[in-house]
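Below is target-v9.cif, holding mmCIF, C-alpha atoms.
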data_coords
loop_
_atom_site.label_atom_id
_atom_site.label_comp_id
_atom_site.auth_asym_id
_atom_site.auth_seq_id
_atom_site.Cartn_x
_atom_site.Cartn_y
_atom_site.Cartn_z
CA MET K 1 -27.57 69.33 -30.72
CA ASP K 2 -24.32 70.68 -29.26
CA LEU K 3 -23.18 67.90 -26.90
CA LEU K 4 -20.49 70.06 -25.27
CA LYS K 5 -22.71 73.03 -24.41
CA ASP K 6 -24.19 71.84 -21.11
CA LEU K 7 -21.74 69.05 -20.32
CA ASN K 8 -21.19 68.48 -16.59
CA ILE K 9 -17.50 67.57 -16.67
CA SER K 10 -17.36 66.37 -13.06
CA ASP K 11 -20.22 63.90 -13.49
CA SER K 12 -19.20 62.77 -16.98
CA THR K 13 -15.47 62.13 -16.51
CA VAL K 14 -14.46 58.47 -16.38
CA SER K 15 -10.70 59.10 -16.30
CA GLY K 16 -8.17 61.85 -17.01
CA THR K 17 -8.37 65.62 -16.57
CA TRP K 18 -10.92 67.42 -18.74
CA LYS K 19 -11.53 71.19 -18.74
CA ASN K 20 -13.59 73.75 -20.58
CA SER K 21 -11.70 76.43 -22.50
CA LYS K 22 -12.68 79.15 -24.96
CA GLU K 23 -11.67 76.74 -27.74
CA GLY K 24 -13.78 73.82 -26.48
CA LEU K 25 -13.33 70.73 -24.30
CA THR K 26 -9.65 70.18 -23.50
CA VAL K 27 -7.82 67.18 -22.05
CA ASP K 28 -4.19 67.21 -20.95
CA ALA K 29 -1.53 64.62 -21.71
CA SER K 30 -0.91 63.41 -18.16
CA ALA K 31 -2.89 60.17 -18.42
CA PRO K 32 -5.29 58.19 -20.65
CA ALA K 33 -8.66 59.94 -20.52
CA ARG K 34 -12.31 59.07 -21.18
CA ILE K 35 -15.51 61.08 -20.86
CA ALA K 36 -19.19 60.25 -21.48
CA LEU K 37 -21.21 62.70 -23.57
CA GLN K 38 -24.64 61.30 -24.39
CA GLY K 39 -26.50 58.22 -23.23
CA ASP K 40 -29.34 56.18 -24.70
CA LEU K 41 -28.69 57.12 -28.32
CA PRO K 42 -31.06 55.55 -30.85
CA ASN K 43 -29.91 52.97 -33.35
CA SER K 44 -29.33 55.54 -36.11
CA TYR K 45 -27.55 58.85 -35.66
CA GLU K 46 -25.13 61.26 -37.33
CA LEU K 47 -22.29 63.14 -35.64
CA LYS K 48 -19.89 65.92 -36.51
CA VAL K 49 -16.71 66.25 -34.44
CA GLU K 50 -13.89 68.77 -34.77
CA PHE K 51 -10.67 68.44 -32.79
CA THR K 52 -7.01 69.46 -32.67
CA ARG K 53 -4.21 67.41 -31.15
CA PHE K 54 -1.52 69.81 -29.90
CA SER K 55 1.00 67.34 -28.48
CA GLY K 56 1.59 63.60 -28.26
CA ASP K 57 1.33 60.92 -30.91
CA GLU K 58 -1.26 58.56 -29.49
CA VAL K 59 -4.90 57.83 -30.18
CA VAL K 60 -7.85 60.21 -30.29
CA ALA K 61 -11.10 58.22 -30.29
CA LEU K 62 -14.87 58.42 -30.43
CA ILE K 63 -16.66 55.72 -28.43
CA LEU K 64 -19.68 54.85 -30.55
CA PRO K 65 -22.75 52.92 -29.37
CA PHE K 66 -24.09 50.32 -31.82
CA GLY K 67 -27.15 49.05 -29.97
CA ASP K 68 -25.68 47.26 -26.93
CA VAL K 69 -22.02 47.38 -27.90
CA SER K 70 -19.63 50.34 -28.17
CA PRO K 71 -16.47 49.93 -30.26
CA ALA K 72 -14.01 52.81 -30.61
CA LEU K 73 -13.47 54.86 -33.76
CA GLU K 74 -9.73 55.52 -33.51
CA PHE K 75 -7.64 58.23 -35.11
CA SER K 76 -3.87 57.86 -34.94
CA GLY K 77 -4.24 54.45 -33.35
CA TRP K 78 -1.04 52.71 -32.29
CA GLN K 79 0.96 55.96 -32.56
CA GLY K 80 -0.12 56.72 -36.09
CA ALA K 81 -0.27 53.19 -37.47
CA SER K 82 -3.96 53.38 -38.35
CA HIS K 83 -7.33 55.06 -38.34
CA GLY K 84 -10.24 52.67 -37.96
CA LEU K 85 -12.89 50.89 -35.94
CA SER K 86 -11.69 48.87 -32.95
CA ARG K 87 -12.69 46.14 -32.62
CA VAL K 88 -14.23 44.48 -35.68
CA ASP K 89 -14.09 40.67 -35.33
CA GLY K 90 -12.10 41.33 -32.17
CA LEU K 91 -9.30 43.01 -34.18
CA PRO K 92 -7.60 46.31 -33.27
CA SER K 93 -7.70 49.20 -35.71
CA LYS K 94 -4.27 48.23 -37.06
CA GLY K 95 -5.20 44.56 -37.50
CA PRO K 96 -4.24 43.34 -40.99
CA GLN K 97 -7.62 41.65 -41.41
CA ASN K 98 -9.71 44.47 -39.93
CA PRO K 99 -12.07 45.59 -42.76
CA ALA K 100 -12.59 49.02 -41.14
CA SER K 101 -8.92 50.00 -41.01
CA VAL K 102 -7.02 52.71 -42.91
CA LYS K 103 -3.21 52.71 -42.81
CA PRO K 104 -1.30 54.73 -41.90
CA GLY K 105 -3.32 56.89 -39.53
CA ILE K 106 -1.37 60.09 -39.26
CA LEU K 107 -2.54 63.19 -37.40
CA LYS K 108 -0.48 66.37 -37.69
CA ASN K 109 -0.26 68.16 -34.34
CA GLY K 110 -1.67 71.66 -34.41
CA THR K 111 -4.02 70.87 -37.31
CA ARG K 112 -7.79 71.06 -36.84
CA TYR K 113 -9.62 67.96 -38.12
CA SER K 114 -13.29 67.53 -38.98
CA VAL K 115 -14.99 64.13 -38.73
CA THR K 116 -18.50 63.07 -39.72
CA VAL K 117 -19.93 59.74 -38.64
CA LYS K 118 -23.18 58.13 -39.77
CA VAL K 119 -24.32 55.06 -37.82
CA GLU K 120 -27.30 52.83 -38.56
CA VAL K 121 -28.31 49.58 -36.89
CA GLU K 122 -31.34 47.71 -38.21
CA LYS K 123 -32.27 44.06 -37.81
CA GLU K 124 -28.90 43.36 -36.15
CA ILE K 125 -26.97 44.74 -39.15
CA ALA K 126 -24.67 47.71 -38.48
CA ASP K 127 -23.58 50.30 -41.01
CA ILE K 128 -21.04 53.06 -40.42
CA LYS K 129 -19.77 55.74 -42.80
CA VAL K 130 -16.87 57.96 -41.75
CA THR K 131 -15.31 61.02 -43.41
CA LEU K 132 -12.17 62.89 -42.35
CA ASN K 133 -11.84 66.49 -43.57
CA ASP K 134 -14.70 65.88 -46.02
CA GLN K 135 -12.91 62.89 -47.58
CA LYS K 136 -14.26 59.36 -47.28
CA LEU K 137 -12.26 57.45 -44.67
CA PHE K 138 -14.12 54.12 -44.75
CA ASP K 139 -17.57 52.48 -44.93
CA TRP K 140 -18.28 49.27 -43.05
CA ASN K 141 -21.38 47.08 -42.99
CA GLY K 142 -21.85 43.85 -41.05
CA ASP K 143 -23.53 41.94 -38.27
CA VAL K 144 -23.53 43.71 -34.88
CA SER K 145 -22.14 40.54 -33.28
CA ARG K 146 -18.86 41.20 -35.12
CA LEU K 147 -18.32 44.40 -33.11
CA LYS K 148 -16.53 44.24 -29.77
CA PRO K 149 -15.60 47.00 -27.30
CA ASN K 150 -12.02 48.18 -26.99
CA TYR K 151 -11.53 47.39 -23.30
CA ALA K 152 -9.01 50.22 -22.85
CA LEU K 153 -11.50 52.76 -24.21
CA ASN K 154 -14.85 51.60 -22.88
CA LEU K 155 -17.41 53.48 -20.78
CA PRO K 156 -19.56 52.36 -17.84
CA SER K 157 -22.55 52.02 -20.19
CA SER K 158 -22.29 50.40 -23.61
CA LYS K 159 -25.09 52.68 -24.88
CA THR K 160 -23.21 55.92 -24.26
CA LEU K 161 -21.38 58.12 -26.74
CA GLY K 162 -18.00 59.25 -25.47
CA LEU K 163 -14.50 60.56 -26.18
CA ALA K 164 -11.15 59.00 -25.37
CA VAL K 165 -7.57 60.28 -25.62
CA SER K 166 -4.31 58.55 -24.75
CA LYS K 167 -1.57 60.72 -23.25
CA SER K 168 -1.98 63.60 -25.70
CA ASN K 169 -3.07 67.20 -25.35
CA VAL K 170 -6.29 67.54 -27.36
CA THR K 171 -9.08 70.09 -27.71
CA PHE K 172 -12.49 69.03 -29.01
CA HIS K 173 -13.88 72.20 -30.57
CA LYS K 174 -17.21 70.71 -31.58
CA VAL K 175 -19.23 67.54 -30.94
CA GLU K 176 -22.65 67.83 -32.56
CA LEU K 177 -25.46 65.34 -32.89
CA LEU K 178 -26.75 66.24 -36.37
CA SER K 179 -29.61 63.76 -36.49
CA ALA K 180 -31.07 60.83 -34.61
CA LYS K 181 -33.62 58.46 -36.09
CA PRO K 182 -34.84 55.78 -33.71
CA LYS K 183 -35.34 52.34 -35.14
CA THR K 184 -36.95 49.31 -33.61
CA THR K 185 -34.49 47.41 -31.47
CA PRO K 186 -34.46 43.70 -32.37
CA THR K 187 -35.90 41.42 -29.72
CA PRO K 188 -33.07 39.45 -28.09
CA SER K 189 -33.08 35.73 -28.71
CA PRO K 190 -33.58 33.37 -25.76
CA ALA K 191 -29.85 32.60 -25.90
CA GLY K 192 -29.19 36.27 -25.13
CA LYS K 193 -30.67 36.03 -21.64
CA VAL K 194 -29.70 34.30 -18.43
CA ILE K 195 -32.74 32.29 -17.46
CA ALA K 196 -33.24 32.26 -13.71
CA GLY K 197 -32.45 28.82 -12.31
CA GLN K 198 -29.92 26.09 -12.79
CA ILE K 199 -27.29 26.59 -15.51
CA ASP K 200 -26.33 23.46 -17.44
CA LEU K 201 -22.62 22.65 -17.04
CA LYS K 202 -22.59 19.66 -19.40
CA PRO K 203 -21.84 21.64 -22.60
CA LEU K 204 -18.52 22.75 -21.07
CA GLY K 205 -17.22 19.28 -21.84
CA SER K 206 -18.14 19.48 -25.54
CA PRO K 207 -15.57 20.58 -28.15
CA LYS K 208 -17.49 23.76 -29.07
CA THR K 209 -19.01 24.34 -25.60
CA PRO K 210 -22.50 25.25 -26.90
CA GLY K 211 -24.16 27.91 -24.78
CA TRP K 212 -20.87 28.97 -23.19
CA GLU K 213 -18.05 31.39 -24.11
CA LEU K 214 -14.60 30.37 -22.90
CA PHE K 215 -12.06 33.11 -22.26
CA ASN K 216 -8.28 33.21 -21.81
CA GLN K 217 -7.81 29.66 -23.14
CA ALA K 218 -9.88 28.01 -20.42
CA GLY K 219 -10.64 24.31 -20.60
CA PHE K 220 -13.10 22.10 -18.71
CA THR K 221 -13.85 18.41 -18.32
CA ILE K 222 -17.22 17.02 -17.24
CA ARG K 223 -18.04 14.05 -15.05
CA ALA K 224 -21.33 12.76 -13.72
CA THR K 225 -21.65 12.12 -9.97
CA PRO K 226 -24.54 11.14 -7.70
CA GLU K 227 -24.61 14.77 -6.55
CA GLY K 228 -24.87 16.10 -10.09
CA THR K 229 -22.68 17.21 -13.00
CA VAL K 230 -19.21 18.41 -12.06
CA ALA K 231 -17.18 20.74 -14.31
CA ALA K 232 -13.45 20.63 -13.61
CA GLY K 233 -11.33 23.59 -14.70
CA THR K 234 -7.71 23.92 -15.74
CA SER K 235 -4.95 22.08 -13.91
CA LEU K 236 -2.01 23.67 -12.09
CA ALA K 237 0.10 23.14 -15.22
CA ALA K 238 -2.04 25.73 -17.04
CA GLN K 239 -2.08 28.76 -14.75
CA GLY K 240 -3.64 32.13 -15.42
CA ASP K 241 -6.96 33.87 -14.83
CA ARG K 242 -9.50 32.24 -17.12
CA GLY K 243 -13.02 30.94 -17.21
CA ALA K 244 -16.30 30.68 -19.09
CA TYR K 245 -19.27 33.01 -19.57
CA VAL K 246 -22.82 31.82 -20.06
CA GLY K 247 -23.21 32.59 -23.76
CA GLY K 248 -24.86 35.93 -24.50
CA SER K 249 -25.82 36.45 -20.87
CA GLN K 250 -26.66 39.83 -19.36
CA PHE K 251 -26.52 40.01 -15.56
CA GLU K 252 -27.00 43.25 -13.63
CA ASN K 253 -28.25 42.55 -10.12
CA GLY K 254 -29.18 39.29 -8.45
CA THR K 255 -27.64 36.18 -6.92
CA ILE K 256 -24.98 33.83 -8.25
CA ASP K 257 -24.92 30.51 -6.41
CA VAL K 258 -22.44 27.68 -6.98
CA GLU K 259 -20.63 24.89 -5.14
CA VAL K 260 -16.87 24.84 -5.63
CA LYS K 261 -14.01 22.54 -4.70
CA GLY K 262 -10.33 23.44 -4.80
CA ALA K 263 -7.03 22.12 -3.49
CA GLY K 264 -4.98 22.53 -0.33
CA GLN K 265 -1.53 22.92 -1.87
CA PRO K 266 -0.36 26.55 -1.48
CA GLN K 267 -0.92 28.72 -4.57
CA SER K 268 -2.50 25.80 -6.41
CA SER K 269 -6.17 26.77 -6.53
CA PHE K 270 -8.16 29.97 -7.06
CA LEU K 271 -11.81 29.56 -8.01
CA GLY K 272 -15.08 31.44 -8.02
CA VAL K 273 -17.50 33.34 -10.23
CA VAL K 274 -17.28 36.21 -12.71
CA PHE K 275 -19.94 38.81 -13.53
CA HIS K 276 -20.41 42.12 -15.38
CA GLY K 277 -17.99 40.62 -17.89
CA VAL K 278 -17.10 41.86 -21.36
CA ASP K 279 -14.17 39.61 -22.29
CA GLY K 280 -11.07 38.07 -20.70
CA GLU K 281 -9.79 41.46 -19.54
CA ASN K 282 -12.89 43.30 -18.32
CA TYR K 283 -14.96 41.76 -15.53
CA GLU K 284 -15.63 41.58 -11.80
CA ALA K 285 -15.03 38.37 -9.88
CA VAL K 286 -15.21 36.87 -6.41
CA TYR K 287 -13.06 33.84 -5.63
CA PHE K 288 -11.73 31.59 -2.88
CA ARG K 289 -8.15 30.68 -2.06
CA PRO K 290 -9.05 27.33 -0.47
CA PHE K 291 -5.45 26.59 0.50
CA ASN K 292 -5.84 29.42 3.05
CA PHE K 293 -8.85 27.80 4.74
CA GLY K 294 -7.79 26.96 8.30
CA ALA K 295 -4.19 28.12 7.82
CA ALA K 296 -2.15 28.50 11.00
CA ASP K 297 -0.91 31.87 9.76
CA GLN K 298 -3.69 34.36 10.54
CA THR K 299 -2.63 36.64 7.67
CA ARG K 300 -3.14 33.81 5.20
CA ARG K 301 -6.54 33.02 6.69
CA GLY K 302 -7.49 36.64 6.12
CA HIS K 303 -6.78 36.15 2.39
CA ALA K 304 -9.28 33.30 1.91
CA ILE K 305 -11.87 35.21 -0.13
CA GLN K 306 -11.21 38.00 -2.64
CA TYR K 307 -13.13 40.52 -4.80
CA ILE K 308 -11.47 42.01 -7.91
CA ALA K 309 -12.53 44.35 -10.73
CA HIS K 310 -10.33 43.98 -13.82
CA PRO K 311 -8.52 45.73 -15.36
CA ASP K 312 -8.40 48.62 -12.87
CA TRP K 313 -8.40 46.73 -9.58
CA PRO K 314 -6.50 43.41 -9.65
CA TRP K 315 -5.80 41.74 -6.32
CA GLN K 316 -2.21 43.03 -6.12
CA LYS K 317 -3.31 46.66 -6.38
CA LEU K 318 -6.13 46.15 -3.87
CA ARG K 319 -3.81 44.51 -1.33
CA GLN K 320 -1.30 47.33 -1.73
CA GLN K 321 -3.63 50.33 -1.81
CA ARG K 322 -6.69 49.09 0.11
CA PRO K 323 -5.34 46.35 2.40
CA GLU K 324 -7.77 44.04 4.21
CA GLU K 325 -10.73 45.78 2.57
CA TYR K 326 -11.50 43.48 -0.35
CA GLU K 327 -10.31 40.13 1.05
CA ASN K 328 -11.37 38.34 4.22
CA PRO K 329 -11.39 35.02 6.07
CA VAL K 330 -14.43 32.85 5.44
CA SER K 331 -17.02 31.86 7.98
CA PRO K 332 -17.89 29.12 8.68
CA GLU K 333 -14.43 27.88 7.72
CA PRO K 334 -14.36 24.67 5.66
CA LYS K 335 -11.45 22.36 4.95
CA PRO K 336 -9.32 23.19 1.87
CA THR K 337 -10.62 20.24 -0.13
CA ASP K 338 -14.29 20.44 0.90
CA TRP K 339 -17.12 21.28 -1.45
CA VAL K 340 -18.04 24.84 -0.48
CA ARG K 341 -21.16 26.75 -1.41
CA MET K 342 -20.50 30.32 -2.61
CA LYS K 343 -23.49 32.64 -2.75
CA VAL K 344 -22.73 36.06 -4.29
CA VAL K 345 -25.36 38.78 -4.00
CA VAL K 346 -24.95 41.76 -6.34
CA ASP K 347 -27.15 44.71 -5.42
CA GLY K 348 -26.27 48.00 -7.11
CA ASP K 349 -22.86 49.04 -5.84
CA ARG K 350 -22.78 46.40 -3.08
CA ILE K 351 -21.35 42.87 -3.11
CA GLN K 352 -22.06 40.32 -0.39
CA VAL K 353 -20.66 36.79 -0.31
CA PHE K 354 -22.10 34.05 1.92
CA VAL K 355 -20.34 30.74 2.58
CA ASN K 356 -22.32 27.49 2.90
CA ASP K 357 -25.48 28.17 4.92
CA SER K 358 -24.19 31.15 6.94
CA ARG K 359 -26.52 34.14 7.26
CA LYS K 360 -23.53 36.41 7.91
CA ALA K 361 -21.58 37.60 4.89
CA SER K 362 -17.91 36.64 4.76
CA LEU K 363 -17.34 39.57 2.42
CA ASP K 364 -19.43 42.74 2.23
CA VAL K 365 -17.86 45.46 0.06
CA LYS K 366 -18.60 48.29 -2.34
CA ARG K 367 -18.27 47.43 -6.03
CA LEU K 368 -15.35 48.92 -7.94
CA GLY K 369 -16.38 47.87 -11.45
CA LYS K 370 -17.35 50.56 -13.97
CA LEU K 371 -19.88 48.45 -15.87
CA ASN K 372 -23.29 47.87 -14.29
CA SER K 373 -24.15 44.80 -16.36
CA GLY K 374 -22.46 42.13 -18.42
CA LYS K 375 -21.90 38.43 -18.81
CA VAL K 376 -21.86 36.01 -15.90
CA GLY K 377 -19.98 32.75 -15.47
CA LEU K 378 -17.20 30.76 -13.80
CA TRP K 379 -13.66 31.96 -13.01
CA CYS K 380 -10.55 30.01 -12.06
CA ASN K 381 -6.78 29.78 -11.92
CA GLY K 382 -5.41 26.30 -11.23
CA VAL K 383 -7.35 23.43 -9.68
CA ALA K 384 -11.10 24.08 -9.71
CA SER K 385 -14.33 22.07 -9.77
CA TYR K 386 -17.91 23.35 -9.92
CA ARG K 387 -21.39 21.94 -9.49
CA ASN K 388 -24.95 23.22 -8.97
CA PHE K 389 -24.45 26.57 -10.69
CA LYS K 390 -27.51 28.81 -10.43
CA VAL K 391 -28.22 32.42 -11.38
CA THR K 392 -31.19 34.42 -10.09
CA LEU K 393 -31.94 37.83 -11.54
CA ALA K 394 -33.17 40.61 -9.26
CA LYS K 395 -36.76 41.65 -9.85
#

Can I see the file as structure tokens?
Amino acid sequence: MDLLKDLNISDSTVSGTWKNSKEGLTVDASAPARIALQGDLPNSYELKVEFTRFSGDEVVALILPFGDVSPALEFSGWQGASHGLSRVDGLPSKGPQNPASVKPGILKNGTRYSVTVKVEVEKEIADIKVTLNDQKLFDWNGDVSRLKPNYALNLPSSKTLGLAVSKSNVTFHKVELLSAKPKTTPTPSPAGKVIAGQIDLKPLGSPKTPGWELFNQAGFTIRATPEGTVAAGTSLAAQGDRGAYVGGSQFENGTIDVEVKGAGQPQSSFLGVVFHGVDGENYEAVYFRPFNFGAADQTRRGHAIQYIAHPDWPWQKLRQQRPEEYENPVSPEPKPTDWVRMKVVVDGDRIQVFVNDSRKASLDVKRLGKLNSGKVGLWCNGVASYRNFKVTLAK
């Protein structure tokens, strides 16, 4: 199957400028570029790709689905440092311990290259065989859980085959699906699902946080109270966006409900929830700035609640390019050190956030995230406490 023949470039482009030419599918060097080619591939397939890089020295990549994860097969990664699979065990293609890395990874501009890729996934074991110009490049075999997406090269769906180029002029002459042999997809374990209802916070206080995945060096302490278990996040001395995902969770649409408590000192406390997460760099989040609750300065009060979509839409970019659109005051307005209920409703491309028992949303915006599902959890920067964390999946 020729995957370029009937490609709708407008609908398939994720970033960059792609065009059809008599030589194939061409992308210019003005910006990093990604495009989706084929969705819902089976667990086993074989590809043949031919391309020429005409200018630039950066990566040319195939985004390969392995079940529910899509690492990138990089050529000329890190400006020619390596060819290889990014990320195995979370390592980039040039990582010294990456078992699917070939160094150096030189591409000669103006030369046409031919790549064949054979992928098989069976019983949660992945196997990939890659040739470059009819010469073996590498073979890799291992557990699917060892594969992670390259956040700079991902696509909206982890089950989609795609192409990526970084600031280079490249023509893809041929992208062919040579064969596709469906295999039975393993049944996810119970730990791979978010069960509707209350989420246990107690393991966050254990050394290995069973059932949770910490990101960006987050840390939590647990204390028991008459109102329930309270998880306290990082202190002001350890700033930075961080948090914890419910281990193996997959959240698409539904409701995230949690009570949070911050601090009143300016710039001391940012806390909320994270969803559609991949890792510490790719996620959507909604959070409070409790020190702005009830502020005399009306501008500060208007910055009490915030939506972000990392890495493309951090709060600074939203405030600069789309001011007052993705942050609002909260209503009803609590005190900075009160326990506050945050109810986040995710419905397709719409986000609504309700505060305490209000029936009117304090924030009602269109989603900016490119992934429609992912992990769900807690997000913080500075002083943060949580209790009564509940996730409900949409029917």

Which polymer residues have any atom within 8 Å of an atom of K:His303, counting all atoms listed in the file, with same-chain residues fewer than 2 positions away left out, as a list in words?
->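 Answer for this query is Arg289, Asn292, Thr299, Arg300, Arg301, Ile305, Gln306, Glu327, Asn328 and Pro329 of chain K.
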
Name every residue that the PyMOL selection byres ((chain K and resi 378) around 9) selects in this structure, writing the answer as a PyMOL selection string with chains first and numbers rising.
-> chain K and resi 242-246+271-275+285+376-377+379-380+386+389

Coordinates-based distance that separates atom CA of K:Ser158 from atom CA of K:Lys19 (Å, one decimal) |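 Atom CA of K:Ser158 lies at a distance of 23.9 Å from atom CA of K:Lys19.
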
Excluding stretch 350-356 of chain K and any residue of its chain fewer than 3 positions from it, enumerate the residues within 7 Å of it, using only C-alpha atoms, and give them as a PyMOL selection string.
-> chain K and resi 330-332+340-347+359-367

Just give me the gap between atom CA of K:Phe215 and atom CA of K:Leu64 in Å, one decimal is fine.
-> 24.5 Å

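Note that the spacing between atom CA of K:Glu284 and atom CA of K:Ala304 amounts to 17.2 Å.
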
Taking into account all atoms listed in the file, which residue in the set K:Leu155, K:Val165, K:Ala29, K:Leu85 is nearest to K:Leu137?
-> K:Leu85

Kindly indicate which residue among K:Gly162, K:Gly77, K:Pro65, K:Gly56 lies nearest to K:Leu147, using all atoms listed in the file for the distances.
->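 Residue with the minimum atom-to-atom distance to K:Leu147: K:Pro65.
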
Which of these residues is nearest to K:Trp212, using all atoms listed in the file: K:Asn109, K:Ser76, K:Ser82, K:Ser249?
->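 Smallest separation from K:Trp212 among the options: K:Ser249.
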
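Taking all atoms listed in the file into account, K:Lys129 lies nearest to K:Leu73 out of the set K:Leu73, K:Ile106, K:Leu177, K:Ala36.
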
Got a sec to resolve the PyMOL selection byres ((chain K and resi 21-25) around 8) on this structure and send the residues as a ChimeraX atom specification?
-> /K:4,18-20,26-27,171-174

Convert the current residue selection to file output with C-alpha atoms, as a PDB file, in the frame of the given file.
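Listed below is the output, selection_12.pdb:
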ATOM      1  CA  LEU K   4     -20.490  70.060 -25.270  1.00  0.00           C
ATOM      2  CA  TRP K  18     -10.920  67.420 -18.740  1.00  0.00           C
ATOM      3  CA  LYS K  19     -11.530  71.190 -18.740  1.00  0.00           C
ATOM      4  CA  ASN K  20     -13.590  73.750 -20.580  1.00  0.00           C
ATOM      5  CA  THR K  26      -9.650  70.180 -23.500  1.00  0.00           C
ATOM      6  CA  VAL K  27      -7.820  67.180 -22.050  1.00  0.00           C
ATOM      7  CA  THR K 171      -9.080  70.090 -27.710  1.00  0.00           C
ATOM      8  CA  PHE K 172     -12.490  69.030 -29.010  1.00  0.00           C
ATOM      9  CA  HIS K 173     -13.880  72.200 -30.570  1.00  0.00           C
ATOM     10  CA  LYS K 174     -17.210  70.710 -31.580  1.00  0.00           C
TER      11      LYS K 174
END

Within 12 Å of stretch 86-92 of chain K using only C-alpha atoms, minus same-chain residues under 3 positions, as a ChimeraX atom specification | /K:59,61-64,69-75,77-78,81-83,95-102,126,128,140-154,278-280

Output of the PyMOL selection byres ((chain K and resi 265) around 10), listed as a PyMOL selection string = chain K and resi 262-264+266-269+290-292+336-337+383

Distance criterion (all atoms listed in the file): nearest to K:Arg53 out of K:Pro226, K:Gly110, K:Gly254, K:Gly80 |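 Smallest distance to K:Arg53 is found for K:Gly110.
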
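The shell of residues at most 9 Å from K:Thr111, with only C-alpha atoms counted and near chain neighbours (fewer than 5 positions) removed, consists of Phe51, Thr52, Arg53 and Phe54 of chain K.
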
Closest of K:Ser44, K:Val258, K:Ala384, K:Gly219 to K:Lys123 - atom-to-atom distances counting all atoms listed in the file =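 Of the candidates, the smallest distance to K:Lys123 is held by K:Ser44.
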
Output as AutoDock Vina command-line options the centre and edge lengths (Å, one decimal) of the box along x, y and z of the file that holds every listed atom of stretch 240-249 of chain K after adding 6 Å on each side.
--center_x -14.7 --center_y 33.6 --center_z -19.7 --size_x 34.2 --size_y 17.8 --size_z 21.7

What lies within 10 Å of K:Ser30 using only C-alpha atoms, ignoring chain neighbours under 3 positions off, as a VMD selection string?
-> chain K and resid 16 to 17 27 33 166 to 169
